[in-house]
Amino acid sequence: MDVLDLARWQFGITTVYHFLMVPLTIGLSLLVAGMQTAWLRTGERKYLAMTKFWGKLLLINFAMGVVTGIVQEFQFGMAWSAYSRFVGDVFGAPLAMEGLVAFFVESTFLGLWIFGWDRLPKKVHLACAWAFSLATMISAYFILAANSWMQHPVGVVMDDGRPRLTSIWAVLGNNTVLAAFPHTIFGAFAVAASFLVGIAAWHLWRRTEEGAVWRASVKLGTWVGVVAFAGLAVSGDVQGKLMFEQQPMKMAAAEALCHTEQPASFSVFAVGDVARQDCESVKSVTVPALLSFLAHNDFSSEVKGIQDLVPMYQEKYGANYPVDPQLGELSGKPIDYVPSLPVTYWGFRLMIGFGGIAVASGLAILWLTRGGRVPRGTWFKWLALGSIATPFLGNSFGWIFTEMGRQPFVVVPNPSGVDGVWMFTARAVSNSTVGEVLTSLVALTLVYGVLACVEVFLVRRYVRAGVAGVLPDGEPDDVGKSDDHLQFAY
Amino acid sequence: METFWFCVIALLWLGYLFLEGFDFGVGMLLPVLGRDETERRVLINTIGPVWDGNEVWLLVAGGATFAAFPDWYASLFSSAYLPLTLFLIALIGRGVAFEYRGKVDSARWRRVWDTVIVAGSWVAALGVGLVLSANVFGLPLDANGDRLGSPFAAISLETLLGAFAVAGYALVHGAVFLSLKTEGEVRERARSLALKVAPLALLPLVVLLLTVQLRFGSVWTWAATIVVALAALGAYTRLVLRREGQAFALMGVAVAATVTALFGALYPNVLPSTLDPAWSLTVAGAASSPYTLTVMTWVAAFGTPAVLVYQGWTYWVFRKRIGARHIPPVHVPTGDARVGEPS
């Protein structure tokens with residue numbers, strides 16, 4: 001493997017791993033802030049227990065999110081320095097804003113929340129939880145604005161071969177980020193919701209004490225999940241329509257749509273080899289005219305297929321890579337404008353599929369546990385535990401689809417973006433040695449692997465212990481009275 | 001405008017070195033000053049609420065460099081690829097270790113994470129010093145800003161000196177911080193340790209500054225270097241007199257003057273090329289467009305004071321000294337809460 005492949009694998013691994021922590025943090029932090037608010041308003045012990053229990057799981061997860069986030073930022077300069085030079089004028093700004101405006105708030109107020117239980121007045125302490133949770137969403141906005149610019153470059157002019165920022169408002173108000181942000185946030189709530197439902201249902205099944213805590217968690221989780229899924233469907237549709245306009249090749253690949261169709265039918269699933277660009281061996285179960293509707297909001301419009309898009313791309317961006325030693329093996333070779341079809345086609349379906357399974361199992365669990373009932377069979381335990389994983393998988397496949405679908409570009413040229421702003425992924429990589437990138441890829445993957453085991457071990461331990469693990473001997477709610485002991489300490 | 005942003009980045013580095021400097025130091029001293037489990041928990045809890053916020057200064061320094069000087073960011077980070085990888089792994093390790101070490105009540109579990117904290121703090125502090133001094137002394141960059149030398153080009157006698165300078169500073173700074181933040185025996189131990197090791201631990205910093213000045217210095221960077229020496233001496237005498245707060249503040253003056261001297265010697269370059277001065281990245285050449293810098297200036301103008309206010313408030317909220325009597329008994333899950341499992 002060459003530096004490009006290694007750097008891409010490294011980016012894929014570290015990004016997907018980081019994005020296991022991020023949505024859970026975003027979703028759970030807002031729910032925990034809500035639980036604490038409920039506790040302050042009602043004084044019910046149930047809500048204190050929920051705040052502490054879910055808050056503890058949030059912290060275990062947040063630590064990992066922070067440290068893997070630093071890797072994300074450094075990686076642009078380390079492995080993708082040519083990209084950093086190319087886009088620095090525009091891409092660095094939202095990144096720096098994320099740090100200055102959001103991440104400082106997050107980390108500082110989380111520290112205040114963790115250690116402030118006995119140091120701060122209750123309302124101020126609660127405000128810290130809200131500040132933390134809102135800052136995670138603001139963080140997400142800036143990062144998505146940076147990513148959306150790569151999908152749909154706006155607010156720049158080309159100047160001496162590099163995009164130069166002309167309007168930060170265009171970048172922050174990019175229609176791509178306006179669509180991606182709600183989609184990502186609803187995705188985050190879907191993750192947190194299934195986390196709540198799955199773990200709480202498992203406790204109910206085990207007949208653990210504190211049934212009220214688990215029942216309230218199942219109910220909260222399910223309704224949040226239902227709202228999140230509805231939001232995902234609506235925002236996903238908006239995002240899809242934008243993508244048909246901005247990145248037609250990505251959507252053609254998502255459908256494995258080889259030939260232009262009018263009206264175009266939506267493929268539910270395919271049998272056979274979707275990797276072939278002529279689609280000859282593919283038998284697809286389709287819904288007639290649905291793809292036309294998804295793309296353009298009417299049932300009869302034309303949707304361009306891969307084989308008609310390729311010549312268009314070749315005409316605009318060249319048939320061959322330039323001859324340049326920096327490009328290594330690709331120098332002078334023909335450019336493949338079609339993203340990996342199996343990855344995009346199945347990534348798209350798995351994203352939607354796992355999302356659907358998540359909400360369906362949430363609703364099933366709510367129905368099965370109605371009126372104090374709990375099914376006794378072990379199948380219920382597996383339903384509960386299995387449902388936790390599904391939105392994580394949906395999110396991961398969503399990102400894999402989004403990022404793989406824009407290959408071979410790292411900054412995608414599009415009809416509604418600023419003309420002439422684009423960059424091939426092969427051009428973006430640093431001129432590092434294979435040894436450097438391989439060393440960091442192996443080292444980071446190993447460290448991430450070990451930490452994944454530790455995290456699962458710890459989460460499992462706290463989950464099993466339930467409320468007793470976070471509230472020693474029915475701790476009263478008179479926090480802030482004792483001066484001798486810190487109420488919370490590492 | 002470019003020069004202003006050069007100063008902002010220097011300021012972010014200053015914030016980072018001053019703040020994370022002491023939490024690195026606390027991590028490095030964990031087994032030395034914490035003789036038993038309770039004492040080690042005292043040490044960790046002195047930085048518990050703040051270390052994460054301290055680390056964000058680095059992230060923002062990186063992000064601001066990316067936004068204001070993309071060429072600088074790209075050349076430095078890609079040239080120091082391997083040292084930065086090691087540094088990142090150290091940061092990852094110590095970050096999760098603080099959170100995880102108290103989550104299981106087992107001596108072996110804690111021993112593992114203590115080792116990670118100590119090793120992570122040392123490696124990270126050394127790494128920061130290495131990369132920062134490599135930035136000042138320069139890297140073998142070609143006309144494009146890409147490294148021509150080996151992957152280990154950032155490692156030389158000078159940069160190793162820089163590594164020990166930052167690690168030595170962090171060690172002393174951490175000990176002074178602990179003598180300010182703890183009570184009882186730990187406080188005494190931290191104070192006497194700081195007094196004992198300071199002359200040796202701060203030596204690399206002094207040598208580094210002299211080397212930099214002899215190579216690139218001007219009148220006012222010499223002045224800054226003298227301030228470093230005076231502040232360090234002042235901190236020492238204040239600590240002898242048990243004025244820990246003043247000693248800590250003077251350590252801050254020392255690091256501020258150090259950053260001034262280093263970045264002053266660097267200016268108007270942002271990253272010198274050791275191969276040909278014509279290939280050095282300069283403040284003017286590596287900067288983003290005036291529009292981007294203006295946008296960033298607005299963000300910084302509103303963001304930075306806010307950060308200083310609420311981070312300052314955090315330090316105020318947790319201003320009390322911590323001692324063994326404040327440490328609650330260990331409460332972590334052991335068994336499980338099961339009442340009866342269905343058959």
# chains A, B, ... in the order shown; residues from 1 in each chain; ligands from 1
>>> residues_around(residues="Phe132 of chain A", least_positions_apart="4", cutoff="6 Å", atoms="only C-alpha atoms", output="list in words")
Glu106, Phe109 and Leu110 of chain A
>>> select_by_dssp(residues="segment 155-281 of chain A", states="helix (DSSP H, G or I)", output="ChimeraX atom specification")
/A:168-172,175-205,211-246,248-254
>>> residues_around(residues="Met137 of chain A", least_positions_apart="2", cutoff="12 Å", atoms="only C-alpha atoms", output="JSON, numbers by chain")
{"A": [22, 23, 24, 25, 26, 27, 28, 29, 30, 98, 101, 102, 103, 105, 106, 130, 131, 132, 133, 134, 135, 139, 140, 141, 142, 143, 144, 181, 182, 184, 185, 186, 188, 189]}
>>> closest_residue(among="A:Lys304, A:Arg427, A:Arg406, A:His203", to="Val338 of chain A", atoms="only C-alpha atoms")
A:Arg406
>>> residues_around(residues="Ala64 of chain B", least_positions_apart="3", cutoff="8 Å", atoms="only C-alpha atoms", output="number ranges by chain")
A: 92-93, 96; B: 9, 60-61, 67-69
>>> interface_residues(of="chain B", to="chain A", cutoff="6 Å", atoms="only C-alpha atoms", output="PyMOL selection string")
chain B and resi 49+52-53+60+63-64+66-67+70-71+74+77-78+81+92+96+102+288+303+326-328+332-333+336-339+341
>>> closest_residue(among="B:Leu208, B:Val136, B:Ile47, B:Ala194", to="Phe318 of chain B", atoms="only C-alpha atoms")
B:Ile47
>>> residues_around(residues="segment 328-333 of chain A", least_positions_apart="4", cutoff="9 Å", atoms="only C-alpha atoms", output="list in words")
Asp2, Ala319, Asn320, Tyr321, Pro322, Val323, Asp324 and Ala426 of chain A
>>> residues_around(residues="segment 247-254 of chain B", least_positions_apart="3", cutoff="8 Å", atoms="only C-alpha atoms", output="PyMOL selection string")
chain B and resi 18+173+176-177+180+227-229+231-232+234-239+243-244+257-258
>>> write_last_selection(atoms="all heavy atoms", output="compact mmCIF listing (two decimals), in the first residue's frame")
# COMPACT_ATOMS: atom_id res chain seq x y z
N PHE B 18 1.54 27.40 30.08
CA PHE B 18 1.32 27.77 31.48
C PHE B 18 0.31 26.83 32.14
O PHE B 18 0.55 26.31 33.23
CB PHE B 18 0.82 29.23 31.55
CG PHE B 18 0.47 29.68 32.94
CD1 PHE B 18 1.46 29.74 33.92
CD2 PHE B 18 -0.82 30.02 33.28
CE1 PHE B 18 1.14 30.16 35.21
CE2 PHE B 18 -1.15 30.44 34.57
CZ PHE B 18 -0.15 30.49 35.54
N HIS B 173 6.94 23.61 37.68
CA HIS B 173 5.67 24.32 37.68
C HIS B 173 4.60 23.47 38.38
O HIS B 173 3.81 23.98 39.19
CB HIS B 173 5.29 24.59 36.22
CG HIS B 173 4.17 25.57 36.03
ND1 HIS B 173 4.02 26.69 36.80
CD2 HIS B 173 3.15 25.59 35.14
CE1 HIS B 173 2.94 27.35 36.39
NE2 HIS B 173 2.39 26.70 35.39
N VAL B 176 5.23 23.51 42.15
CA VAL B 176 4.80 24.79 42.74
C VAL B 176 3.28 24.83 42.82
O VAL B 176 2.70 25.22 43.84
CB VAL B 176 5.33 25.98 41.90
CG1 VAL B 176 4.77 27.30 42.42
CG2 VAL B 176 6.85 26.02 41.93
N PHE B 177 2.62 24.39 41.75
CA PHE B 177 1.16 24.35 41.73
C PHE B 177 0.63 23.49 42.88
O PHE B 177 -0.31 23.87 43.58
CB PHE B 177 0.68 23.82 40.38
CG PHE B 177 -0.80 23.58 40.30
CD1 PHE B 177 -1.68 24.64 40.11
CD2 PHE B 177 -1.33 22.30 40.43
CE1 PHE B 177 -3.05 24.43 40.05
CE2 PHE B 177 -2.70 22.08 40.36
CZ PHE B 177 -3.56 23.15 40.18
N LEU B 180 0.74 25.00 46.13
CA LEU B 180 -0.29 26.03 46.27
C LEU B 180 -1.67 25.42 46.49
O LEU B 180 -2.52 26.01 47.15
CB LEU B 180 -0.30 26.88 44.99
CG LEU B 180 -1.40 27.94 44.84
CD1 LEU B 180 -1.23 29.04 45.87
CD2 LEU B 180 -1.37 28.53 43.44
N VAL B 227 14.30 38.52 31.75
CA VAL B 227 13.09 38.44 32.57
C VAL B 227 12.82 37.00 33.01
O VAL B 227 12.44 36.75 34.16
CB VAL B 227 11.86 39.00 31.79
CG1 VAL B 227 10.58 38.79 32.57
CG2 VAL B 227 12.06 40.48 31.50
N VAL B 228 13.05 36.04 32.10
CA VAL B 228 12.86 34.63 32.47
C VAL B 228 13.73 34.31 33.69
O VAL B 228 13.25 33.73 34.69
CB VAL B 228 13.24 33.68 31.32
CG1 VAL B 228 13.11 32.23 31.76
CG2 VAL B 228 12.38 33.94 30.10
N ALA B 229 15.00 34.70 33.61
CA ALA B 229 15.93 34.38 34.70
C ALA B 229 15.49 35.04 36.01
O ALA B 229 15.46 34.40 37.07
CB ALA B 229 17.34 34.83 34.32
N ALA B 231 12.47 36.10 36.82
CA ALA B 231 11.21 35.54 37.30
C ALA B 231 11.44 34.19 37.98
O ALA B 231 10.86 33.89 39.03
CB ALA B 231 10.22 35.40 36.15
N ALA B 232 12.33 33.39 37.38
CA ALA B 232 12.61 32.08 37.96
C ALA B 232 13.26 32.24 39.34
O ALA B 232 12.89 31.56 40.30
CB ALA B 232 13.50 31.27 37.03
N GLY B 234 12.99 34.84 41.25
CA GLY B 234 11.95 35.38 42.12
C GLY B 234 11.03 34.29 42.63
O GLY B 234 10.70 34.23 43.81
N ALA B 235 10.62 33.40 41.71
CA ALA B 235 9.73 32.31 42.10
C ALA B 235 10.40 31.47 43.18
O ALA B 235 9.77 31.05 44.16
CB ALA B 235 9.40 31.45 40.88
N TYR B 236 11.68 31.25 42.99
CA TYR B 236 12.43 30.42 43.95
C TYR B 236 12.42 31.06 45.34
O TYR B 236 12.08 30.42 46.33
CB TYR B 236 13.86 30.24 43.45
CG TYR B 236 14.61 29.15 44.15
CD1 TYR B 236 14.50 27.83 43.71
CD2 TYR B 236 15.42 29.41 45.26
CE1 TYR B 236 15.17 26.81 44.36
CE2 TYR B 236 16.09 28.39 45.91
CZ TYR B 236 15.96 27.09 45.45
OH TYR B 236 16.63 26.08 46.09
N THR B 237 12.76 32.34 45.38
CA THR B 237 12.81 33.00 46.70
C THR B 237 11.42 33.11 47.34
O THR B 237 11.26 32.93 48.54
CB THR B 237 13.42 34.41 46.59
OG1 THR B 237 12.72 35.12 45.56
CG2 THR B 237 14.88 34.36 46.24
N ARG B 238 10.40 33.35 46.51
CA ARG B 238 9.04 33.41 47.05
C ARG B 238 8.64 32.05 47.64
O ARG B 238 7.99 31.98 48.67
CB ARG B 238 8.03 33.77 45.94
CG ARG B 238 8.19 35.16 45.39
CD ARG B 238 7.61 36.22 46.30
NE ARG B 238 8.61 36.78 47.20
CZ ARG B 238 8.34 37.62 48.21
NH1 ARG B 238 7.08 37.96 48.46
NH2 ARG B 238 9.29 38.09 48.97
N LEU B 239 9.07 30.99 46.98
CA LEU B 239 8.73 29.66 47.47
C LEU B 239 9.47 29.38 48.78
O LEU B 239 8.92 28.76 49.70
CB LEU B 239 9.08 28.61 46.41
CG LEU B 239 8.39 27.26 46.58
CD1 LEU B 239 6.87 27.42 46.56
CD2 LEU B 239 8.83 26.30 45.49
N ARG B 243 5.53 31.77 50.03
CA ARG B 243 4.50 32.52 49.33
C ARG B 243 4.21 31.78 48.03
O ARG B 243 4.67 32.17 46.95
CB ARG B 243 4.96 33.96 49.06
CG ARG B 243 5.45 34.70 50.30
CD ARG B 243 4.40 34.72 51.40
NE ARG B 243 3.20 35.42 50.98
CZ ARG B 243 2.95 36.69 51.32
NH1 ARG B 243 3.77 37.34 52.08
NH2 ARG B 243 1.85 37.27 50.90
N GLU B 244 3.42 30.70 48.15
CA GLU B 244 3.25 29.81 46.98
C GLU B 244 2.50 30.49 45.83
O GLU B 244 2.81 30.26 44.67
CB GLU B 244 2.50 28.54 47.38
CG GLU B 244 3.33 27.62 48.25
CD GLU B 244 2.78 27.54 49.66
OE1 GLU B 244 1.97 28.42 50.03
OE2 GLU B 244 3.16 26.60 50.39
N ALA B 257 7.68 35.16 29.41
CA ALA B 257 8.91 35.73 28.84
C ALA B 257 9.60 34.71 27.93
O ALA B 257 10.18 35.07 26.91
CB ALA B 257 9.83 36.17 29.97
N THR B 258 9.51 33.42 28.28
CA THR B 258 10.09 32.38 27.42
C THR B 258 9.43 32.39 26.05
O THR B 258 10.10 32.38 25.01
CB THR B 258 9.91 30.99 28.06
OG1 THR B 258 10.53 30.99 29.34
CG2 THR B 258 10.52 29.91 27.20
>>> atom_distance(atom1="atom CA of Phe152 of chain B", atom2="atom CA of Asn135 of chain B")
13.9 Å
>>> closest_residue(among="B:Phe98, B:Tyr310, B:Phe137, B:Trp72", to="Leu161 of chain B", atoms="only C-alpha atoms")
B:Phe137
>>> closest_residue(among="A:Met351, A:Leu327, A:Ile388, A:Val310", to="Thr425 of chain A", atoms="only C-alpha atoms")
A:Leu327
>>> residues_around(residues="Gly129 of chain B", least_positions_apart="4", cutoff="7 Å", atoms="only C-alpha atoms", output="PDB file with all heavy atoms, in the first residue's frame")
ATOM      1  N   ALA B 125       4.978  16.194  27.573  1.00  0.00           N
ATOM      2  CA  ALA B 125       5.733  17.415  27.860  1.00  0.00           C
ATOM      3  C   ALA B 125       7.010  17.469  27.012  1.00  0.00           C
ATOM      4  O   ALA B 125       7.339  18.509  26.429  1.00  0.00           O
ATOM      5  CB  ALA B 125       6.081  17.492  29.342  1.00  0.00           C
ATOM      6  N   SER B 133      10.573  23.612  19.855  1.00  0.00           N
ATOM      7  CA  SER B 133      11.941  24.072  19.568  1.00  0.00           C
ATOM      8  C   SER B 133      12.334  23.734  18.128  1.00  0.00           C
ATOM      9  O   SER B 133      13.068  24.493  17.503  1.00  0.00           O
ATOM     10  CB  SER B 133      12.930  23.487  20.567  1.00  0.00           C
ATOM     11  OG  SER B 133      12.822  22.087  20.595  1.00  0.00           O
ATOM     12  N   GLY B 162      15.265  21.419  23.861  1.00  0.00           N
ATOM     13  CA  GLY B 162      13.935  22.010  23.980  1.00  0.00           C
ATOM     14  C   GLY B 162      12.976  21.075  24.702  1.00  0.00           C
ATOM     15  O   GLY B 162      12.160  21.509  25.522  1.00  0.00           O
ATOM     16  N   ALA B 163      13.059  19.776  24.382  1.00  0.00           N
ATOM     17  CA  ALA B 163      12.193  18.794  25.033  1.00  0.00           C
ATOM     18  C   ALA B 163      12.423  18.807  26.544  1.00  0.00           C
ATOM     19  O   ALA B 163      11.466  18.867  27.335  1.00  0.00           O
ATOM     20  CB  ALA B 163      12.464  17.404  24.461  1.00  0.00           C
ATOM     21  N   PHE B 164      13.683  18.780  26.940  1.00  0.00           N
ATOM     22  CA  PHE B 164      13.969  18.758  28.389  1.00  0.00           C
ATOM     23  C   PHE B 164      13.659  20.109  29.039  1.00  0.00           C
ATOM     24  O   PHE B 164      13.340  20.165  30.223  1.00  0.00           O
ATOM     25  CB  PHE B 164      15.409  18.332  28.639  1.00  0.00           C
ATOM     26  CG  PHE B 164      15.589  16.860  28.471  1.00  0.00           C
ATOM     27  CD1 PHE B 164      16.233  16.333  27.360  1.00  0.00           C
ATOM     28  CD2 PHE B 164      15.056  15.972  29.406  1.00  0.00           C
ATOM     29  CE1 PHE B 164      16.357  14.962  27.174  1.00  0.00           C
ATOM     30  CE2 PHE B 164      15.173  14.602  29.236  1.00  0.00           C
ATOM     31  CZ  PHE B 164      15.834  14.096  28.112  1.00  0.00           C
ATOM     32  N   ALA B 165      13.756  21.181  28.247  1.00  0.00           N
ATOM     33  CA  ALA B 165      13.427  22.494  28.802  1.00  0.00           C
ATOM     34  C   ALA B 165      11.961  22.539  29.209  1.00  0.00           C
ATOM     35  O   ALA B 165      11.615  22.959  30.319  1.00  0.00           O
ATOM     36  CB  ALA B 165      13.733  23.585  27.777  1.00  0.00           C
ATOM     37  N   VAL B 166      11.069  22.083  28.319  1.00  0.00           N
ATOM     38  CA  VAL B 166       9.641  22.127  28.637  1.00  0.00           C
ATOM     39  C   VAL B 166       9.309  21.112  29.736  1.00  0.00           C
ATOM     40  O   VAL B 166       8.560  21.420  30.675  1.00  0.00           O
ATOM     41  CB  VAL B 166       8.785  21.892  27.371  1.00  0.00           C
ATOM     42  CG1 VAL B 166       7.323  21.690  27.740  1.00  0.00           C
ATOM     43  CG2 VAL B 166       8.916  23.081  26.426  1.00  0.00           C
TER      44      VAL B 166
END
>>> atom_distance(atom1="atom CA of Gly127 of chain B", atom2="atom CA of Gly174 of chain B")
17.1 Å
>>> closest_residue(among="A:Ala358, A:Val434, A:Thr445, A:Leu204", to="Arg373 of chain A", atoms="only C-alpha atoms")
A:Leu204
>>> closest_residue(among="B:Pro199, B:Pro329, B:Pro151, B:Gly138", to="Asp276 of chain B", atoms="only C-alpha atoms")
B:Gly138
>>> select_by_dssp(residues="segment 317-485 of chain A", states="strand (DSSP E)", output="count of residues only")
5
>>> decode(residues="segment 386-440 of chain A", atoms="C-alpha atoms", output="mmCIF file, in the first residue's frame")
data_model
loop_
_atom_site.group_PDB
_atom_site.id
_atom_site.type_symbol
_atom_site.label_atom_id
_atom_site.label_comp_id
_atom_site.auth_asym_id
_atom_site.auth_seq_id
_atom_site.Cartn_x
_atom_site.Cartn_y
_atom_site.Cartn_z
ATOM 1 C CA GLY A 386 -29.105 -5.562 20.189
ATOM 2 C CA SER A 387 -31.105 -2.387 19.715
ATOM 3 C CA ILE A 388 -28.303 -0.367 21.336
ATOM 4 C CA ALA A 389 -25.924 -1.115 18.487
ATOM 5 C CA THR A 390 -28.221 -0.351 15.564
ATOM 6 C CA PRO A 391 -28.150 3.468 15.435
ATOM 7 C CA PHE A 392 -24.369 3.436 15.975
ATOM 8 C CA LEU A 393 -24.116 1.244 12.893
ATOM 9 C CA GLY A 394 -26.552 3.449 10.995
ATOM 10 C CA ASN A 395 -24.456 6.535 11.796
ATOM 11 C CA SER A 396 -21.187 4.884 10.833
ATOM 12 C CA PHE A 397 -22.548 3.654 7.517
ATOM 13 C CA GLY A 398 -23.989 7.102 6.879
ATOM 14 C CA TRP A 399 -20.567 8.690 7.236
ATOM 15 C CA ILE A 400 -18.846 5.985 5.237
ATOM 16 C CA PHE A 401 -21.364 6.560 2.463
ATOM 17 C CA THR A 402 -20.988 10.348 2.580
ATOM 18 C CA GLU A 403 -17.202 10.337 2.522
ATOM 19 C CA MET A 404 -16.641 7.400 0.171
ATOM 20 C CA GLY A 405 -19.308 8.762 -2.168
ATOM 21 C CA ARG A 406 -17.266 11.891 -2.861
ATOM 22 C CA GLN A 407 -14.225 9.991 -4.148
ATOM 23 C CA PRO A 408 -12.016 10.543 -6.100
ATOM 24 C CA PHE A 409 -12.388 14.100 -4.819
ATOM 25 C CA VAL A 410 -11.591 15.420 -1.371
ATOM 26 C CA VAL A 411 -13.158 18.777 -2.280
ATOM 27 C CA VAL A 412 -15.997 17.969 -4.643
ATOM 28 C CA PRO A 413 -16.702 20.116 -7.681
ATOM 29 C CA ASN A 414 -20.406 20.688 -8.086
ATOM 30 C CA PRO A 415 -22.828 22.496 -10.340
ATOM 31 C CA SER A 416 -24.047 24.833 -7.582
ATOM 32 C CA GLY A 417 -20.695 25.245 -5.851
ATOM 33 C CA VAL A 418 -18.087 27.792 -6.839
ATOM 34 C CA ASP A 419 -16.899 26.752 -10.281
ATOM 35 C CA GLY A 420 -13.377 25.448 -10.457
ATOM 36 C CA VAL A 421 -12.923 24.678 -6.757
ATOM 37 C CA TRP A 422 -12.056 21.019 -6.372
ATOM 38 C CA MET A 423 -9.216 18.754 -5.317
ATOM 39 C CA PHE A 424 -8.452 15.110 -5.990
ATOM 40 C CA THR A 425 -7.894 13.010 -2.884
ATOM 41 C CA ALA A 426 -4.669 11.721 -4.427
ATOM 42 C CA ARG A 427 -3.416 15.325 -4.545
ATOM 43 C CA ALA A 428 -4.266 16.053 -0.907
ATOM 44 C CA VAL A 429 -1.940 13.695 0.895
ATOM 45 C CA SER A 430 1.342 14.721 2.583
ATOM 46 C CA ASN A 431 4.601 13.661 1.015
ATOM 47 C CA SER A 432 5.282 11.499 4.053
ATOM 48 C CA THR A 433 7.062 8.180 3.914
ATOM 49 C CA VAL A 434 5.122 4.915 3.941
ATOM 50 C CA GLY A 435 6.921 4.096 7.196
ATOM 51 C CA GLU A 436 5.621 7.174 8.981
ATOM 52 C CA VAL A 437 2.010 6.718 7.993
ATOM 53 C CA LEU A 438 2.098 2.973 8.537
ATOM 54 C CA THR A 439 3.612 3.414 11.996
ATOM 55 C CA SER A 440 0.952 5.885 13.048
#
